[in-house]
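Visitor: One structure, as structure tokens, below. Some questions next.
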Amino acid sequence: MSVATRLAEPLPASSAAEPGETLYQFEESPLLARQKQQESNARSYPRRIPLALKRARGLYVEDVEGRQFIDCLAGAGTLALGHNHPVVIEAIQQVLADELPLHTLDLTTPVKDQFVQDLFGLLPAEFSAQAKIQFCGPTGTDAVEAALKLVRTASGRSTVLSFQGGYHGMSQGALSLMGSLGPKKALAGLLSNGVQFMPYPYDYRCPFGLGGEQGVRANLHYLENLLNDPEAGVQLPAAVIVEVVQGEGGVIPADLDWLRGLRRITEQAGVSLIVDEIQSGFGRTGKMFAFEHAGIVPDVVVLSKAIGGSLPLAVVVYREALDTWQPGAHAGTFRGNQMAMAAGSAVMRYLKEHDLAGHAEAMGERLREHLTVLQRDFPQLGDIRGRGLMLGVELVDPQGQLDVQGHPPTFGKLASLLQNECLKRGLILELGGRNGSVVRFLPPLIITAEQIDEVMRRFSRALAAALLRL
């Protein structure tokens, strides 16, 4: 049996009924009860996805009760090749068999050197040819912190422009860049107060009330004016940081002309452009990196999640001209994870050899077509958006008051019910966006056409059931 065939099949049958045919009922297991008792109140996923997982392969996970689920969360996009892909397992086992040092700080090894070559080989040549890399602590938020230090050191300026709806991590420096107010409310103040928020080109709910090309032009004009008007009240920033597709903010893809305009404006102003590819990178959007859709070259790219092949790893790649910080300017104990680098190299090679970016584009289009057909019967599916296998559906209340663009209000209550009904049918999805109203699809990039069809079969049944519960 080929690897692809094996990963496309569900896990071997257990005593549980086939997912999707019998509705799962969830009672608090001993493991979940102890987790609730002993883990921090800050835990998040188990509140909405109350599962204790035991086994996983490919697209499927199995809990301790023997129930199987299609995983369209995939570690928030971390598992590009799904769970326990053979090339990842083989890479990890080889590191152990070769008795490689598992912890090296930032000392180099053949594994680390190969990882850098593989990564630079995936990045556009016009960027990687003059690039430097910084290995960070093993989280995306630490890589964002490093990027902030980098551009502030190089420019001598302290402020940063970020965007409404953006998400760049939960450490206090990165949190200052976040558009969502929820995580900030309990904090008396953030470590960084030099952040100016800009409107993001959210076409469905345009901050200028325009949408389309008019909204894009107004947005770019506003940004250009802000950076050039001596009376704007905003100092020239060290950088602008942006997600090409906002993930947690509701799977909002930036207009490509807007991205090209953003690059032009920042370049002319002498301001570094930081692109956060933590969730959108490595084939997920139909290109190896999401910024490639617009044909732009950023100054700094922040990478994590899929880069470690399911293990913790994060890096910043940037233009050599910015490399003015001093030794030790950004450090961290766990920046030499050899197993993560080996697994990451294996994933990068597999992505390239099997054109999984192209596959993600095709499967994303198939998923979008399913959702568009479903939208004809369910007006609650207000906006279907994203790129590749980074798709979202904004749920709306058709009976609510229309906004200035003629769109109904968000419907977070329905989204929550829908997520629960999907889970009952063996489908794991996550929410995001304003008022938690956006259902997000982040399946492994190895998902097949048949599996897309099965995901949508369960999703459509769950949607009908959720509407009955309102």
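In the structure tokens, chains take letters A, B, ... by order of appearance, with residues numbered from 1 within each chain and ligands from 1 in the order shown.
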Using only C-alpha atoms, determine which residues lie at most 7 Å from Lys132 of chain A, disregarding the query and same-chain residues fewer than 4 positions distant; provide the list as a list in words.
Guide: Val317, Tyr318, Arg319 and Glu320 of chain A
Visitor: What does the file look like for those residues with N, CA and C atoms, as a PDB file, in the first residue's frame?
Guide:
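As written to disk, result10.pdb reads:
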```
ATOM      1  N   VAL A 317      13.653  35.191   8.677  1.00  0.00           N
ATOM      2  CA  VAL A 317      14.522  35.334   7.522  1.00  0.00           C
ATOM      3  C   VAL A 317      14.383  36.776   7.031  1.00  0.00           C
ATOM      4  N   TYR A 318      15.522  37.426   6.757  1.00  0.00           N
ATOM      5  CA  TYR A 318      15.450  38.861   6.474  1.00  0.00           C
ATOM      6  C   TYR A 318      16.584  39.312   5.557  1.00  0.00           C
ATOM      7  N   ARG A 319      16.401  40.496   4.986  1.00  0.00           N
ATOM      8  CA  ARG A 319      17.412  41.088   4.108  1.00  0.00           C
ATOM      9  C   ARG A 319      18.713  41.316   4.877  1.00  0.00           C
ATOM     10  N   GLU A 320      19.806  40.983   4.236  1.00  0.00           N
ATOM     11  CA  GLU A 320      21.120  41.090   4.874  1.00  0.00           C
ATOM     12  C   GLU A 320      21.400  42.499   5.372  1.00  0.00           C
TER      13      GLU A 320
END
```
Visitor: So that I can see what lies close to segment 359-376 of chain A, please list as a VMD selection string the residues with an atom at most 8 Å from it, counting only C-alpha atoms and leaving out residues fewer than 6 positions away in the same chain.
Guide: chain A and resid 283 to 287 382 384 387 to 391 445 to 449 452 to 453 456 460
Visitor: Give the helix (DSSP H, G or I) residues of segment 110-336 of chain A, as DSSP finds them on the backbone, and put them as an NGL selection string.
Guide: :A and (110-122 or 125-128 or 140-155 or 172-175 or 182-184 or 203-205 or 212-228 or 256-269 or 290-294 or 305-308 or 320-322)
Visitor: Of the residues A:Pro379, A:Phe291, A:Thr266, A:Val275, which is the one nearest to Gly400 of chain A, using only C-alpha atoms?
Guide: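 Ranking A:Pro379, A:Phe291, A:Thr266, A:Val275 by distance to Gly400 of chain A, first place goes to A:Pro379.
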Visitor: Using only C-alpha atoms, which residues of segment 215-317 of chain A come within 10 Å of segment 82-106 of chain A, and what is the closest atom pair for each, with the distance in Å to one decimal? Give it as a tab-separated table, sorted by chain and residue number.
Guide:
```
residue	atom	partner	partner_atom	distance
A:Gly308	CA	A:Val88	CA	9.7
A:Gly309	CA	A:Val88	CA	6.5
A:Ser310	CA	A:His83	CA	8.2
A:Leu311	CA	A:Val88	CA	9.9
```
Visitor: A:Val297, A:Ile133, A:Leu123, A:Ala254: which is nearest Asn219 of chain A, counting only C-alpha atoms?
Guide: A:Ala254
Visitor: Need to verify the contact set: segment 229-239 of chain A, 7 Å, only C-alpha atoms, exclusion of same-chain residues closer than 2 positions in sequence. Can you return it as a count of residues only?
Guide: 16
Visitor: Can you pull out the residues contacting Pro443 of chain A? Cut-off 6 Å, using only C-alpha atoms, and skip same-chain residues under 2 positions away; I want them as a ChimeraX atom specification.
Guide: /A:72-74
Visitor: Any idea what the distance is between atom CA of Ser416 of chain A and atom CA of Gly211 of chain A?
Guide: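 Here the two named atoms are 27.5 Å from each other.
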Visitor: Would you list the contacts of Arg217 of chain A as a PyMOL selection string, taking every protein, DNA or RNA residue within 9 Å and counting only C-alpha atoms, but skipping same-chain residues closer than 5 positions in sequence?
Guide: chain A and resi 212+222+258
Visitor: Atoms to include: C-alpha atoms. Write the selected residues as a PDB file, in the first residue's frame.
Guide:
```
ATOM      1  CA  GLY A 212     -13.913  46.291  -3.946  1.00  0.00           C
ATOM      2  CA  TYR A 222      -4.895  56.467   3.826  1.00  0.00           C
ATOM      3  CA  TRP A 258      -3.311  46.205  -2.049  1.00  0.00           C
TER       4      TRP A 258
END
```
Visitor: Identify, on the basis of only C-alpha atoms, every residue whose closest approach to Lys54 of chain A does not exceed 12 Å; exclude the query and any residue fewer than 6 positions from it along the same chain; express the result as a ChimeraX atom specification.
Guide: /A:11,31,60-69
Visitor: Find the spatial neighbours of segment 424-434 of chain A, counting only C-alpha atoms, within a cut-off of 9 Å - ignore same-chain residues fewer than 5 positions away - and output them as a ChimeraX atom specification.
Guide: /A:18-26,45,48-49,67-74,76,165,180,247-252,392,394,410,412,415-416,419,439-443,455,458-459,461-462
